[in-house]
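Enquirer: Please find one structure pasted underneath; my questions will follow.
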Amino acid sequence: RRQFQTMPGIMATPQTQTPDYNTCVAIVTKGALGAMVKPAALALAMPVIVGFTFRIIGSYTGQPLLGLEVVAGFMMFGSITGLMMAIFLDNSGGAWDNAKKLVEKAGEKGTEQHKAAVTGDTVGDPFKDTSGPSLHVIITTMSTTILVLGPLFAAY
């Protein structure tokens with residue numbers, strides 16, 4: 001907003017001033033990193049909470065390996081669910097993108113079908129470019145946390 005107010009040449013035709021792109025990128029990056037704190041904390045904390053909770057329950061019930069068993073199940077469930085969601089998001093995003101290309105190739109720009117395809121492509125691009133691949137990071141983070149802290153979840 002500041003740039004639009006202090007640099008009116010940004011919106012002029014032809015453009016007489018160049019926007020400060022670095023400031024815009026810094027603001028967006030700071031916001032994105034701030035929004036990633038809660039999901040990352042969840043991916044790191046849940047395996048630890050599950051492992052220690054069931055370690056305690058296992059020690060009271062005479063099952064010293066219960067924490068390890070439950071956290072192994074947690075890792076399998078998280079990996080399989082994350083993989084399925086990533087495949088779904090990647091494939092559906094690609095399908096929406098290809099649908100728009102097909103409608104445009106058929107020469108139907110400006111029609112209701114094209115408008116719908118553009119809407120689908122708008123949803124599909126984040127699916128295939130960000131949501132699907134980011135689940136890989138979540139799966140890796142959870143798995144690494146479980147494998148590194150695994151020995152702590154056994155009540156010997």
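Letters A, B, ... go to the chains of the structure tokens in the order shown; residues in each chain start at 1; ligands are counted from 1 in the same order.
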Near range 55-72 of chain A, counting only C-alpha atoms, which residues have an atom at most 12 Å away, once you skip same-chain residues fewer than 3 positions from it, shown as a VMD selection string?

Expert: chain A and resid 46 to 52 75 to 79 142 to 147 149 to 156

Enquirer: Please write the residues from the selection above to a file, keeping N, CA, C and O atoms, as a CSV table (one decimal), in the first residue's frame.

Expert:
chain,number,residue,atom,x,y,z
A,46,MET,N,3.3,-34.0,17.8
A,46,MET,CA,2.4,-35.1,17.9
A,46,MET,C,3.0,-36.5,18.1
A,46,MET,O,2.6,-37.3,19.0
A,47,PRO,N,4.1,-36.8,17.3
A,47,PRO,CA,4.7,-38.1,17.5
A,47,PRO,C,5.3,-38.2,19.0
A,47,PRO,O,5.3,-39.3,19.6
A,48,VAL,N,5.9,-37.1,19.4
A,48,VAL,CA,6.5,-37.1,20.8
A,48,VAL,C,5.4,-37.3,21.8
A,48,VAL,O,5.5,-38.1,22.8
A,49,ILE,N,4.3,-36.6,21.7
A,49,ILE,CA,3.2,-36.7,22.7
A,49,ILE,C,2.6,-38.1,22.6
A,49,ILE,O,2.4,-38.7,23.7
A,50,VAL,N,2.3,-38.6,21.4
A,50,VAL,CA,1.8,-40.0,21.3
A,50,VAL,C,2.8,-41.0,21.9
A,50,VAL,O,2.4,-41.9,22.7
A,51,GLY,N,4.0,-40.9,21.6
A,51,GLY,CA,5.0,-41.9,22.1
A,51,GLY,C,5.1,-41.9,23.6
A,51,GLY,O,5.1,-42.9,24.2
A,52,PHE,N,5.2,-40.7,24.2
A,52,PHE,CA,5.4,-40.6,25.7
A,52,PHE,C,4.1,-41.0,26.4
A,52,PHE,O,4.1,-41.6,27.4
A,75,MET,N,3.3,-43.6,12.7
A,75,MET,CA,4.1,-43.2,11.6
A,75,MET,C,3.6,-43.9,10.3
A,75,MET,O,3.6,-43.2,9.2
A,76,MET,N,3.1,-45.1,10.4
A,76,MET,CA,2.6,-45.8,9.2
A,76,MET,C,1.3,-45.1,8.7
A,76,MET,O,1.1,-44.8,7.5
A,77,PHE,N,0.4,-44.7,9.7
A,77,PHE,CA,-0.8,-44.0,9.3
A,77,PHE,C,-0.5,-42.7,8.7
A,77,PHE,O,-1.1,-42.3,7.7
A,78,GLY,N,0.4,-41.9,9.3
A,78,GLY,CA,0.8,-40.6,8.8
A,78,GLY,C,1.4,-40.7,7.5
A,78,GLY,O,1.1,-39.8,6.6
A,79,SER,N,2.3,-41.6,7.2
A,79,SER,CA,2.9,-41.8,6.0
A,79,SER,C,1.9,-42.2,4.9
A,79,SER,O,1.9,-41.6,3.8
A,142,MET,N,7.8,-35.9,10.4
A,142,MET,CA,7.3,-36.8,11.4
A,142,MET,C,8.1,-38.1,11.5
A,142,MET,O,8.4,-38.6,12.6
A,143,SER,N,8.5,-38.7,10.4
A,143,SER,CA,9.3,-39.9,10.4
A,143,SER,C,10.6,-39.7,11.1
A,143,SER,O,11.1,-40.6,11.8
A,144,THR,N,11.3,-38.6,10.7
A,144,THR,CA,12.6,-38.4,11.3
A,144,THR,C,12.5,-38.2,12.8
A,144,THR,O,13.3,-38.7,13.6
A,145,THR,N,11.5,-37.5,13.3
A,145,THR,CA,11.3,-37.3,14.7
A,145,THR,C,11.1,-38.6,15.4
A,145,THR,O,11.6,-38.9,16.5
A,146,ILE,N,10.2,-39.5,14.8
A,146,ILE,CA,9.9,-40.8,15.4
A,146,ILE,C,11.2,-41.7,15.5
A,146,ILE,O,11.5,-42.3,16.5
A,147,LEU,N,11.9,-41.7,14.4
A,147,LEU,CA,13.1,-42.5,14.3
A,147,LEU,C,14.2,-42.1,15.3
A,147,LEU,O,14.9,-42.9,15.9
A,149,LEU,N,13.8,-40.2,18.1
A,149,LEU,CA,13.4,-40.3,19.5
A,149,LEU,C,12.8,-41.7,19.9
A,149,LEU,O,12.4,-41.9,21.0
A,150,GLY,N,12.7,-42.6,18.9
A,150,GLY,CA,12.1,-43.9,19.2
A,150,GLY,C,12.6,-44.6,20.4
A,150,GLY,O,11.7,-45.1,21.2
A,151,PRO,N,13.9,-44.7,20.7
A,151,PRO,CA,14.3,-45.4,22.0
A,151,PRO,C,13.7,-44.8,23.2
A,151,PRO,O,13.6,-45.5,24.3
A,152,LEU,N,13.3,-43.5,23.2
A,152,LEU,CA,12.7,-42.9,24.4
A,152,LEU,C,11.3,-43.4,24.7
A,152,LEU,O,10.8,-43.2,25.8
A,153,PHE,N,10.7,-44.0,23.7
A,153,PHE,CA,9.3,-44.4,23.9
A,153,PHE,C,9.1,-45.8,24.4
A,153,PHE,O,8.0,-46.2,24.6
A,154,ALA,N,10.2,-46.4,24.8
A,154,ALA,CA,10.1,-47.8,25.4
A,154,ALA,C,10.3,-47.6,26.9
A,154,ALA,O,11.2,-47.0,27.3
A,155,ALA,N,9.5,-48.3,27.6
A,155,ALA,CA,9.6,-48.2,29.1
A,155,ALA,C,10.3,-49.5,29.6
A,155,ALA,O,9.7,-50.5,29.8
A,156,TYR,N,11.6,-49.4,29.7
A,156,TYR,CA,12.4,-50.6,30.2
A,156,TYR,C,12.6,-50.5,31.6
A,156,TYR,O,12.8,-49.6,32.3

Enquirer: Which residues are close to Phe127 in chain A, i.e. within 6 Å by only C-alpha atoms, leaving aside same-chain residues fewer than 4 positions away? Reply as a list in words.

Expert: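 Counting only C-alpha atoms, the residues come to Leu89, Gly93 and Ser131 of chain A.
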
Enquirer: How would the residues just picked look written out with N, CA and C atoms as a PDB file, in the first residue's frame?

Expert:
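See selection-v3.pdb below for the written result:
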ATOM      1  N   LEU A  89      -3.780 -34.643  -4.470  1.00  0.00           N
ATOM      2  CA  LEU A  89      -3.614 -33.222  -4.764  1.00  0.00           C
ATOM      3  C   LEU A  89      -2.804 -33.006  -6.047  1.00  0.00           C
ATOM      4  N   GLY A  93      -4.796 -31.520  -9.288  1.00  0.00           N
ATOM      5  CA  GLY A  93      -4.294 -30.232  -9.758  1.00  0.00           C
ATOM      6  C   GLY A  93      -3.842 -30.298 -11.202  1.00  0.00           C
ATOM      7  N   SER A 131       0.597 -27.785  -2.316  1.00  0.00           N
ATOM      8  CA  SER A 131      -0.009 -28.654  -1.304  1.00  0.00           C
ATOM      9  C   SER A 131       0.515 -30.076  -1.365  1.00  0.00           C
TER      10      SER A 131
END

Enquirer: Please, what distance in Å, to one decimal, runs between CA of Gly120 in chain A and CA of Ile138 in chain A?

Expert: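 Here the two named atoms are 25.9 Å from each other.
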
Enquirer: Could you work out how far CA of Val137 in chain A lies from CA of Asp90 in chain A, giving the answer in Å with one decimal?

Expert: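 For CA of Asp90 in chain A relative to CA of Val137 in chain A, the distance reads 14.7 Å.
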
Enquirer: Could you check the closest approach to Thr122 in chain A for each of A:Leu102, A:Glu108, A:Ala45, A:Gly94 and tell me which residue wins, using only C-alpha atoms?

Expert: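 Among the listed residues, A:Gly94 lies closest to Thr122 in chain A.
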
Enquirer: One decimal, Å: what's the distance from CA of Asn22 in chain A over to CA of Asp125 in chain A, could you say?

Expert: 24.3 Å
